[in-house]
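Chemist: Handing over start.pdb, PDB, C-alpha atoms and all ligand atoms.
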```
ATOM      1  CA  MET A   1     -21.255  40.549  26.446
ATOM      2  CA  ASN A   2     -20.704  41.157  30.169
ATOM      3  CA  ASP A   3     -22.370  37.954  31.310
ATOM      4  CA  LYS A   4     -21.157  35.771  28.428
ATOM      5  CA  VAL A   5     -18.542  33.018  28.532
ATOM      6  CA  VAL A   6     -16.892  32.899  25.106
ATOM      7  CA  LEU A   7     -14.454  30.336  23.689
ATOM      8  CA  ILE A   8     -12.322  31.542  20.784
ATOM      9  CA  THR A   9     -10.200  28.994  18.890
ATOM     10  CA  GLY A  10      -7.140  30.106  16.928
ATOM     11  CA  ALA A  11      -7.154  33.052  19.309
ATOM     12  CA  LYS A  12      -3.595  34.308  18.782
ATOM     13  CA  GLY A  13      -3.514  34.128  14.966
ATOM     14  CA  GLY A  14      -3.855  37.014  12.513
ATOM     15  CA  LEU A  15      -7.650  37.123  12.738
ATOM     16  CA  GLY A  16      -7.957  35.472  16.144
ATOM     17  CA  THR A  17      -6.064  38.338  17.789
ATOM     18  CA  SER A  18      -8.627  40.878  16.524
ATOM     19  CA  VAL A  19     -11.556  38.664  17.480
ATOM     20  CA  THR A  20     -10.172  38.092  20.960
ATOM     21  CA  GLN A  21      -9.516  41.809  21.506
ATOM     22  CA  ARG A  22     -13.026  42.659  20.271
ATOM     23  CA  PHE A  23     -14.781  40.255  22.662
ATOM     24  CA  LEU A  24     -12.548  41.340  25.556
ATOM     25  CA  ALA A  25     -13.430  44.985  24.863
ATOM     26  CA  ALA A  26     -17.119  44.015  24.825
ATOM     27  CA  GLY A  27     -16.740  42.723  28.381
ATOM     28  CA  ALA A  28     -17.065  38.991  27.730
ATOM     29  CA  THR A  29     -15.267  36.374  29.787
ATOM     30  CA  VAL A  30     -12.967  35.140  27.035
ATOM     31  CA  ILE A  31     -11.183  31.804  26.883
ATOM     32  CA  GLY A  32      -8.652  31.975  24.070
ATOM     33  CA  ALA A  33      -7.354  28.658  22.776
ATOM     34  CA  SER A  34      -4.474  27.535  20.582
ATOM     35  CA  ARG A  35      -1.517  25.188  21.029
ATOM     36  CA  THR A  36       0.937  27.803  22.343
ATOM     37  CA  ILE A  37      -1.275  30.532  23.839
ATOM     38  CA  SER A  38      -0.547  31.960  27.303
ATOM     39  CA  ASN A  39      -2.153  34.567  29.557
ATOM     40  CA  ASP A  40       0.620  36.997  28.581
ATOM     41  CA  ASP A  41      -0.739  37.109  25.016
ATOM     42  CA  PHE A  42      -3.809  39.100  26.163
ATOM     43  CA  PRO A  43      -3.126  40.792  29.506
ATOM     44  CA  ALA A  44      -6.714  41.467  30.561
ATOM     45  CA  PRO A  45      -8.611  40.412  33.703
ATOM     46  CA  ASN A  46     -11.372  38.809  31.612
ATOM     47  CA  PHE A  47      -8.970  36.644  29.572
ATOM     48  CA  THR A  48      -7.912  33.048  30.207
ATOM     49  CA  ALA A  49      -5.522  31.164  27.931
ATOM     50  CA  LEU A  50      -6.345  27.545  27.143
ATOM     51  CA  PRO A  51      -3.496  25.684  25.437
ATOM     52  CA  VAL A  52      -4.947  22.794  23.425
ATOM     53  CA  ASP A  53      -4.328  21.007  20.136
ATOM     54  CA  PHE A  54      -7.693  20.971  18.354
ATOM     55  CA  THR A  55      -6.742  18.010  16.188
ATOM     56  CA  LYS A  56      -6.855  15.759  19.296
ATOM     57  CA  SER A  57     -10.380  14.623  20.095
ATOM     58  CA  ALA A  58      -9.929  13.810  23.801
ATOM     59  CA  ALA A  59      -7.965  17.010  24.446
ATOM     60  CA  VAL A  60     -10.757  19.101  22.925
ATOM     61  CA  ARG A  61     -13.382  17.377  25.046
ATOM     62  CA  ASP A  62     -11.291  17.891  28.193
ATOM     63  CA  ALA A  63     -10.748  21.557  27.304
ATOM     64  CA  VAL A  64     -14.480  22.230  27.035
ATOM     65  CA  GLU A  65     -15.171  20.409  30.294
ATOM     66  CA  SER A  66     -12.462  22.507  32.003
ATOM     67  CA  ILE A  67     -14.155  25.715  30.830
ATOM     68  CA  VAL A  68     -17.532  24.657  32.172
ATOM     69  CA  ALA A  69     -15.978  23.435  35.433
ATOM     70  CA  ARG A  70     -14.297  26.811  35.966
ATOM     71  CA  HIS A  71     -16.869  29.258  34.568
ATOM     72  CA  GLY A  72     -20.072  27.281  35.061
ATOM     73  CA  LYS A  73     -21.259  27.533  31.453
ATOM     74  CA  LEU A  74     -20.393  28.236  27.816
ATOM     75  CA  ASP A  75     -22.431  30.746  25.793
ATOM     76  CA  VAL A  76     -20.475  31.437  22.606
ATOM     77  CA  LEU A  77     -18.032  29.516  20.420
ATOM     78  CA  VAL A  78     -16.071  31.500  17.849
ATOM     79  CA  HIS A  79     -14.197  28.893  15.824
ATOM     80  CA  VAL A  80     -11.459  30.865  14.070
ATOM     81  CA  LEU A  81      -8.909  28.059  13.781
ATOM     82  CA  GLY A  82      -7.995  27.007  10.272
ATOM     83  CA  GLY A  83      -5.026  26.630   7.991
ATOM     84  CA  PHE A  84      -4.099  27.329   4.384
ATOM     85  CA  ALA A  85      -2.131  25.397   1.768
ATOM     86  CA  GLY A  86      -2.337  25.804  -1.975
ATOM     87  CA  GLY A  87      -0.500  25.675  -5.244
ATOM     88  CA  GLN A  88      -1.084  22.023  -6.098
ATOM     89  CA  SER A  89      -3.618  20.541  -8.502
ATOM     90  CA  VAL A  90      -5.633  17.544  -7.296
ATOM     91  CA  ALA A  91      -3.251  15.239  -9.196
ATOM     92  CA  GLU A  92      -0.275  16.798  -7.401
ATOM     93  CA  THR A  93      -1.714  17.003  -3.866
ATOM     94  CA  ASP A  94       0.278  14.890  -1.418
ATOM     95  CA  ASP A  95      -1.174  12.997   1.537
ATOM     96  CA  ALA A  96       0.376  15.313   4.133
ATOM     97  CA  THR A  97      -1.248  18.432   2.649
ATOM     98  CA  TRP A  98      -4.623  16.711   2.318
ATOM     99  CA  ASP A  99      -4.495  15.422   5.897
ATOM    100  CA  GLN A 100      -3.359  18.761   7.320
ATOM    101  CA  MET A 101      -6.118  20.720   5.541
ATOM    102  CA  ARG A 102      -8.697  18.148   6.697
ATOM    103  CA  ASP A 103      -7.492  18.226  10.311
ATOM    104  CA  LEU A 104      -7.185  22.020  10.619
ATOM    105  CA  ASN A 105     -10.242  23.082   8.643
ATOM    106  CA  LEU A 106     -12.798  20.326   9.227
ATOM    107  CA  THR A 107     -11.956  17.689  11.852
ATOM    108  CA  SER A 108     -11.009  20.278  14.468
ATOM    109  CA  ALA A 109     -14.394  21.938  13.903
ATOM    110  CA  PHE A 110     -16.193  18.620  14.319
ATOM    111  CA  TYR A 111     -14.363  17.925  17.593
ATOM    112  CA  ILE A 112     -15.075  21.323  19.129
ATOM    113  CA  LEU A 113     -18.681  21.470  17.909
ATOM    114  CA  ARG A 114     -19.433  17.994  19.254
ATOM    115  CA  ALA A 115     -17.936  18.854  22.631
ATOM    116  CA  ALA A 116     -19.432  22.353  22.922
ATOM    117  CA  ILE A 117     -22.978  21.902  21.582
ATOM    118  CA  PRO A 118     -24.488  20.306  24.731
ATOM    119  CA  HIS A 119     -23.259  23.266  26.815
ATOM    120  CA  LEU A 120     -24.218  25.882  24.213
ATOM    121  CA  ARG A 121     -27.740  24.415  24.138
ATOM    122  CA  LYS A 122     -27.999  24.836  27.909
ATOM    123  CA  SER A 123     -27.129  28.523  27.510
ATOM    124  CA  GLY A 124     -30.568  29.099  25.922
ATOM    125  CA  LYS A 125     -29.057  31.829  23.719
ATOM    126  CA  GLY A 126     -25.978  29.944  22.579
ATOM    127  CA  ARG A 127     -24.065  31.217  19.574
ATOM    128  CA  ILE A 128     -21.641  29.533  17.173
ATOM    129  CA  VAL A 129     -19.653  31.618  14.711
ATOM    130  CA  ALA A 130     -17.230  29.769  12.441
ATOM    131  CA  ILE A 131     -14.686  31.218  10.046
ATOM    132  CA  GLY A 132     -14.777  29.707   6.572
ATOM    133  CA  SER A 133     -13.335  31.320   3.467
ATOM    134  CA  LEU A 134     -14.653  33.293   0.531
ATOM    135  CA  ALA A 135     -12.278  31.254  -1.654
ATOM    136  CA  ALA A 136     -14.225  28.135  -0.684
ATOM    137  CA  ALA A 137     -17.582  29.503  -1.832
ATOM    138  CA  GLU A 138     -16.608  28.177  -5.297
ATOM    139  CA  PRO A 139     -14.070  25.589  -6.524
ATOM    140  CA  HIS A 140     -10.613  27.053  -7.208
ATOM    141  CA  ALA A 141      -7.914  25.392  -9.329
ATOM    142  CA  GLY A 142      -4.819  24.754  -7.234
ATOM    143  CA  LEU A 143      -6.655  24.995  -3.888
ATOM    144  CA  ALA A 144      -8.396  21.612  -3.798
ATOM    145  CA  ALA A 145      -7.603  20.519  -0.254
ATOM    146  CA  TYR A 146      -8.303  23.948   1.242
ATOM    147  CA  VAL A 147     -11.601  24.648  -0.550
ATOM    148  CA  THR A 148     -12.881  21.086  -0.138
ATOM    149  CA  PHE A 149     -12.575  21.132   3.659
ATOM    150  CA  LYS A 150     -13.593  24.768   4.102
ATOM    151  CA  SER A 151     -16.781  24.178   2.101
ATOM    152  CA  ALA A 152     -17.412  21.020   4.151
ATOM    153  CA  LEU A 153     -16.988  23.147   7.277
ATOM    154  CA  ALA A 154     -19.787  25.425   6.082
ATOM    155  CA  THR A 155     -22.047  22.398   5.496
ATOM    156  CA  LEU A 156     -21.197  21.040   8.947
ATOM    157  CA  VAL A 157     -22.041  24.332  10.677
ATOM    158  CA  ARG A 158     -25.280  24.754   8.711
ATOM    159  CA  THR A 159     -26.251  21.244   9.803
ATOM    160  CA  VAL A 160     -25.600  22.254  13.410
ATOM    161  CA  ALA A 161     -27.885  25.249  12.836
ATOM    162  CA  LEU A 162     -30.699  22.949  11.695
ATOM    163  CA  GLU A 163     -30.222  20.545  14.588
ATOM    164  CA  ASN A 164     -30.194  23.158  17.363
ATOM    165  CA  ARG A 165     -32.765  25.789  16.456
ATOM    166  CA  ASP A 166     -35.088  24.336  19.097
ATOM    167  CA  ALA A 167     -32.639  25.339  21.854
ATOM    168  CA  GLY A 168     -32.173  28.949  20.701
ATOM    169  CA  LEU A 169     -28.673  28.059  19.539
ATOM    170  CA  THR A 170     -27.593  29.758  16.310
ATOM    171  CA  ALA A 171     -24.712  28.716  14.057
ATOM    172  CA  ASN A 172     -23.346  30.843  11.228
ATOM    173  CA  VAL A 173     -20.261  30.937   9.021
ATOM    174  CA  ILE A 174     -18.323  34.037   7.994
ATOM    175  CA  LEU A 175     -16.533  33.785   4.634
ATOM    176  CA  PRO A 176     -13.690  36.337   4.623
ATOM    177  CA  GLY A 177     -11.663  37.318   1.577
ATOM    178  CA  THR A 178      -7.918  37.858   1.881
ATOM    179  CA  MET A 179      -7.210  39.646   5.160
ATOM    180  CA  ASP A 180      -4.542  42.143   6.127
ATOM    181  CA  THR A 181      -2.623  39.887   8.516
ATOM    182  CA  PRO A 182       1.113  39.878   9.312
ATOM    183  CA  ALA A 183       1.471  36.422   7.708
ATOM    184  CA  ASN A 184      -0.187  37.566   4.455
ATOM    185  CA  ARG A 185       1.998  40.684   4.314
ATOM    186  CA  LYS A 186       5.053  38.462   4.691
ATOM    187  CA  SER A 187       4.009  35.879   2.080
ATOM    188  CA  MET A 188       2.706  38.432  -0.491
ATOM    189  CA  PRO A 189       5.029  41.453  -0.083
ATOM    190  CA  GLY A 190       4.155  42.864  -3.529
ATOM    191  CA  ALA A 191       0.392  43.011  -2.943
ATOM    192  CA  ASP A 192      -1.614  46.185  -2.344
ATOM    193  CA  PHE A 193      -2.381  45.740   1.363
ATOM    194  CA  ALA A 194      -4.984  48.525   1.248
ATOM    195  CA  LYS A 195      -7.251  46.276  -0.848
ATOM    196  CA  TRP A 196      -7.309  43.566   1.802
ATOM    197  CA  LEU A 197     -10.021  43.043   4.381
ATOM    198  CA  GLN A 198      -9.257  44.300   7.874
ATOM    199  CA  PRO A 199      -9.488  41.554  10.534
ATOM    200  CA  ALA A 200     -11.281  44.069  12.779
ATOM    201  CA  ALA A 201     -14.219  44.108  10.331
ATOM    202  CA  VAL A 202     -14.525  40.337  10.623
ATOM    203  CA  ALA A 203     -14.253  40.586  14.411
ATOM    204  CA  ASP A 204     -17.104  43.138  14.447
ATOM    205  CA  LEU A 205     -19.297  40.792  12.393
ATOM    206  CA  ALA A 206     -18.477  37.862  14.695
ATOM    207  CA  LEU A 207     -19.436  39.956  17.724
ATOM    208  CA  TRP A 208     -22.694  40.975  16.079
ATOM    209  CA  LEU A 209     -23.614  37.360  15.262
ATOM    210  CA  ALA A 210     -22.814  36.406  18.872
ATOM    211  CA  ALA A 211     -25.167  39.012  20.323
ATOM    212  CA  GLU A 212     -28.454  37.992  21.944
ATOM    213  CA  ASP A 213     -30.303  40.211  19.435
ATOM    214  CA  SER A 214     -29.046  38.065  16.543
ATOM    215  CA  GLY A 215     -31.092  35.012  17.567
ATOM    216  CA  HIS A 216     -33.158  35.140  14.362
ATOM    217  CA  LEU A 217     -30.043  34.626  12.207
ATOM    218  CA  THR A 218     -28.917  31.028  11.805
ATOM    219  CA  GLY A 219     -27.581  28.717   9.112
ATOM    220  CA  LEU A 220     -26.073  31.620   7.191
ATOM    221  CA  THR A 221     -22.842  31.769   5.200
ATOM    222  CA  ILE A 222     -21.866  35.427   5.064
ATOM    223  CA  PRO A 223     -19.273  36.669   2.553
ATOM    224  CA  ILE A 224     -17.184  39.670   3.595
ATOM    225  CA  GLU A 225     -14.357  41.197   1.574
TER     226      GLU A 225
HETATM  227  N1  LIG B   1      -5.658  34.985   6.399
HETATM  228  C1  LIG B   1      -6.579  35.131   5.435
HETATM  229  O1  LIG B   1      -6.428  35.949   4.527
HETATM  230  C2  LIG B   1      -7.828  34.300   5.482
HETATM  231  C3  LIG B   1      -8.779  34.440   4.464
HETATM  232  C4  LIG B   1      -9.955  33.709   4.527
HETATM  233  C5  LIG B   1     -10.190  32.865   5.603
HETATM  234  N2  LIG B   1      -9.236  32.741   6.564
HETATM  235  C6  LIG B   1      -9.523  31.871   7.714
HETATM  236  O2  LIG B   1      -9.517  32.664   8.864
HETATM  237  C7  LIG B   1      -9.049  31.891   9.982
HETATM  238  C8  LIG B   1      -7.880  32.590  10.630
HETATM  239  O3  LIG B   1      -6.854  32.749   9.675
HETATM  240  P1  LIG B   1      -5.459  33.396  10.113
HETATM  241  O4  LIG B   1      -4.757  33.772   8.853
HETATM  242  O5  LIG B   1      -5.694  34.398  11.173
HETATM  243  O6  LIG B   1      -4.741  32.104  10.735
HETATM  244  P2  LIG B   1      -3.333  32.034  11.491
HETATM  245  O7  LIG B   1      -2.721  33.381  11.655
HETATM  246  O8  LIG B   1      -2.550  30.961  10.796
HETATM  247  O9  LIG B   1      -3.741  31.546  12.931
HETATM  248  C9  LIG B   1      -4.017  30.205  13.172
HETATM  249  C10 LIG B   1      -4.234  30.039  14.672
HETATM  250  O10 LIG B   1      -4.591  28.691  14.924
HETATM  251  C11 LIG B   1      -3.732  28.138  15.933
HETATM  252  N3  LIG B   1      -3.533  26.739  15.584
HETATM  253  C12 LIG B   1      -2.921  26.199  14.506
HETATM  254  N4  LIG B   1      -2.979  24.865  14.574
HETATM  255  C13 LIG B   1      -3.636  24.550  15.713
HETATM  256  C14 LIG B   1      -4.016  23.327  16.334
HETATM  257  N5  LIG B   1      -3.716  22.136  15.807
HETATM  258  N6  LIG B   1      -4.697  23.383  17.505
HETATM  259  C15 LIG B   1      -4.992  24.574  18.084
HETATM  260  N7  LIG B   1      -4.664  25.759  17.552
HETATM  261  C16 LIG B   1      -3.987  25.738  16.369
HETATM  262  C17 LIG B   1      -2.450  28.969  15.887
HETATM  263  O11 LIG B   1      -1.807  29.110  17.134
HETATM  264  P3  LIG B   1      -0.777  28.021  17.736
HETATM  265  O12 LIG B   1       0.372  27.964  16.788
HETATM  266  O13 LIG B   1      -0.453  28.564  19.082
HETATM  267  O14 LIG B   1      -1.529  26.730  17.811
HETATM  268  C18 LIG B   1      -3.038  30.336  15.531
HETATM  269  O15 LIG B   1      -3.509  30.970  16.712
HETATM  270  C19 LIG B   1      -8.736  30.513   9.419
HETATM  271  O16 LIG B   1      -9.833  29.660   9.600
HETATM  272  C20 LIG B   1      -8.494  30.795   7.958
HETATM  273  O17 LIG B   1      -8.705  29.665   7.136
HETATM  274  C21 LIG B   1      -8.071  33.433   6.540
END
```
Show how you would write the structure in this file as structure tokens.
Ligand SMILES: NC(=O)c1ccc[n+]([C@@H]2O[C@H](COP(=O)([O-])OP(=O)(O)OC[C@H]3O[C@@H](n4cnc5c(N)ncnc54)[C@H](OP(=O)(O)O)[C@@H]3O)[C@@H](O)[C@H]2O)c1
Modeler:
Amino acid sequence: MNDKVVLITGAKGGLGTSVTQRFLAAGATVIGASRTISNDDFPAPNFTALPVDFTKSAAVRDAVESIVARHGKLDVLVHVLGGFAGGQSVAETDDATWDQMRDLNLTSAFYILRAAIPHLRKSGKGRIVAIGSLAAAEPHAGLAAYVTFKSALATLVRTVALENRDAGLTANVILPGTMDTPANRKSMPGADFAKWLQPAAVADLALWLAAEDSGHLTGLTIPIE
């Protein structure tokens, strides 16, 4: 990854931290983005923090342009950002939950894909890796807003794969099961943490999909648990 410029969204979250560390260790020039991220979060010479709210269209476009202005190109987008809410049936789901799940899991992806694709196409070996959810591979009672927008995310990314094959740009979606993150440990203290997926395993898969050698793999949704 030594010559690659990589943008990671949701970079300081439970999974994003592992993904960011993995790409930094692989030698990539990593731009880690979230609303509150700073350079102190990942003290490494090849890391740059990019504070941005991905639910704001113009801010996302400006963020991508700032990356290309500074680094000259963009090779890889790892779109980790997402959010979870559950526990309500469709009949009980309030507007705020629906809107939040749409903005965090789908609209943010649309904004960053739209802004990044022209630059990723220029890379010649551009790579998009998005994080969906194993829970969204099928409908789940009580998770309507989450699974609806996560499954739409997978459709969006697979469409991007179809539209950009000609430019050597691949786009794939990883579908993780429940991960061993600090937030999950806090919200489910009685669970058997040993049964959960390690974020590092997801980070390894993301790195593999981002590699030049993975150019034959596109439009995939890959479950991992
Ligand atoms: N955790 C699981 O078990 C699990 C299972 C399956 C799939 N997933 C998926 O995996 C991904 C990562 O999950 P996670 O549990 O690691 O998430 P997380 O810990 O909640 O991290 C979310 C990250 O997104 C950033 N963020 C939130 N809202 C933002 C916004 N509007 N604009 C920019 N950045 C924003 C947060 O940082 P700031 O607060 O600084 O913005 C944070 O870095 C998500 O897509 C999630 O749906 C998770």
Chemist: Just the residues within 8 Å of Ala203 in chain A, please, counting all atoms listed in the file, with nothing from its chain fewer than 5 positions along; format it as a ChimeraX atom specification.
Modeler: /A:15,18-19,22
Chemist: May I ask you to write as a count of residues only all residues lying at most 6 Å from ligand LIG 1 (chain B), with all atoms listed in the file counted?
Modeler: 27
Chemist: Translate the PyMOL selection byres (((chain A and resi 149) around 8) and not hetatm), as applied to the file shown, into an explicit residue set as a count of residues only.
Modeler: 12
Chemist: Quick one: distance from CA of Arg121 in chain A to CA of Ala167 in chain A in Å, one decimal?
Modeler: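 CA of Ala167 in chain A lies 5.5 Å from CA of Arg121 in chain A.
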Chemist: Which one is closest to Phe193 in chain A: A:Leu134, A:Arg61, A:Val5, A:Thr181? Count only C-alpha atoms.
Modeler: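 Result for the nearest residue to Phe193 in chain A: A:Thr181.
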Chemist: Looking at all atoms listed in the file, which of A:Thr29, A:Thr97, A:Thr155, A:Ser66 is the one that sits closest to Ala115 in chain A?
Modeler: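 The answer is A:Ser66, which sits nearest to Ala115 in chain A.
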Chemist: Skipping near chain neighbours, those fewer than 2 positions away, what residues fall within 6 Å of range 209-223 of chain A using all atoms listed in the file, listed as a ChimeraX atom specification?
Modeler: /A:127,158,161,170-176,206-207
Chemist: Can you translate the PyMOL selection byres (((chain A and resi 116) around 12) and not hetatm) into the concrete residues it hits in this file, as a ChimeraX atom specification?
Modeler: /A:6-8,60-68,73-79,109-115,117-123,126-128,160,169
Chemist: Centre and edge lengths, as AutoDock Vina command-line options, for the axis-aligned box enclosing every listed atom of range 145-150 of chain A with 8 Å of padding on each of the six sides, in Å to one decimal?
Modeler:
```
--center_x -10.6 --center_y 22.6 --center_z 1.8 --size_x 22.0 --size_y 20.2 --size_z 20.7
```
Chemist: Give me the residues near range 86-93 of chain A as a PyMOL selection string, where near means some atom within 7 Å (using only C-alpha atoms) and where sequence neighbours in that chain fewer than 2 positions away do not count.
Modeler: chain A and resi 84+95+97-98+141-144
Chemist: Exactly which residues make up the result of the PyMOL selection byres (((chain A and resi 2) around 6) and not hetatm) on this file, given as a ChimeraX atom specification?
Modeler: /A:1,3-4,27-28
Chemist: CA of Ala25 in chain A to CA of Leu197 in chain A: how many Å, to one decimal?
Modeler: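 Between these atoms lies a distance of 20.9 Å.
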Chemist: So the first atom is CA of His71 in chain A and the second is CA of Leu205 in chain A; what is the distance between them in Å, to one decimal place?
Modeler: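 Going from CA of His71 in chain A over to CA of Leu205 in chain A covers 25.1 Å.
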Chemist: In terms of the shortest atom-to-atom distance over only C-alpha atoms, which of A:Ala33, A:Arg70, A:Val157, A:Phe23 is closest to Ala130 in chain A?
Modeler: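 The shortest atom-to-atom distance to Ala130 in chain A comes from A:Val157.
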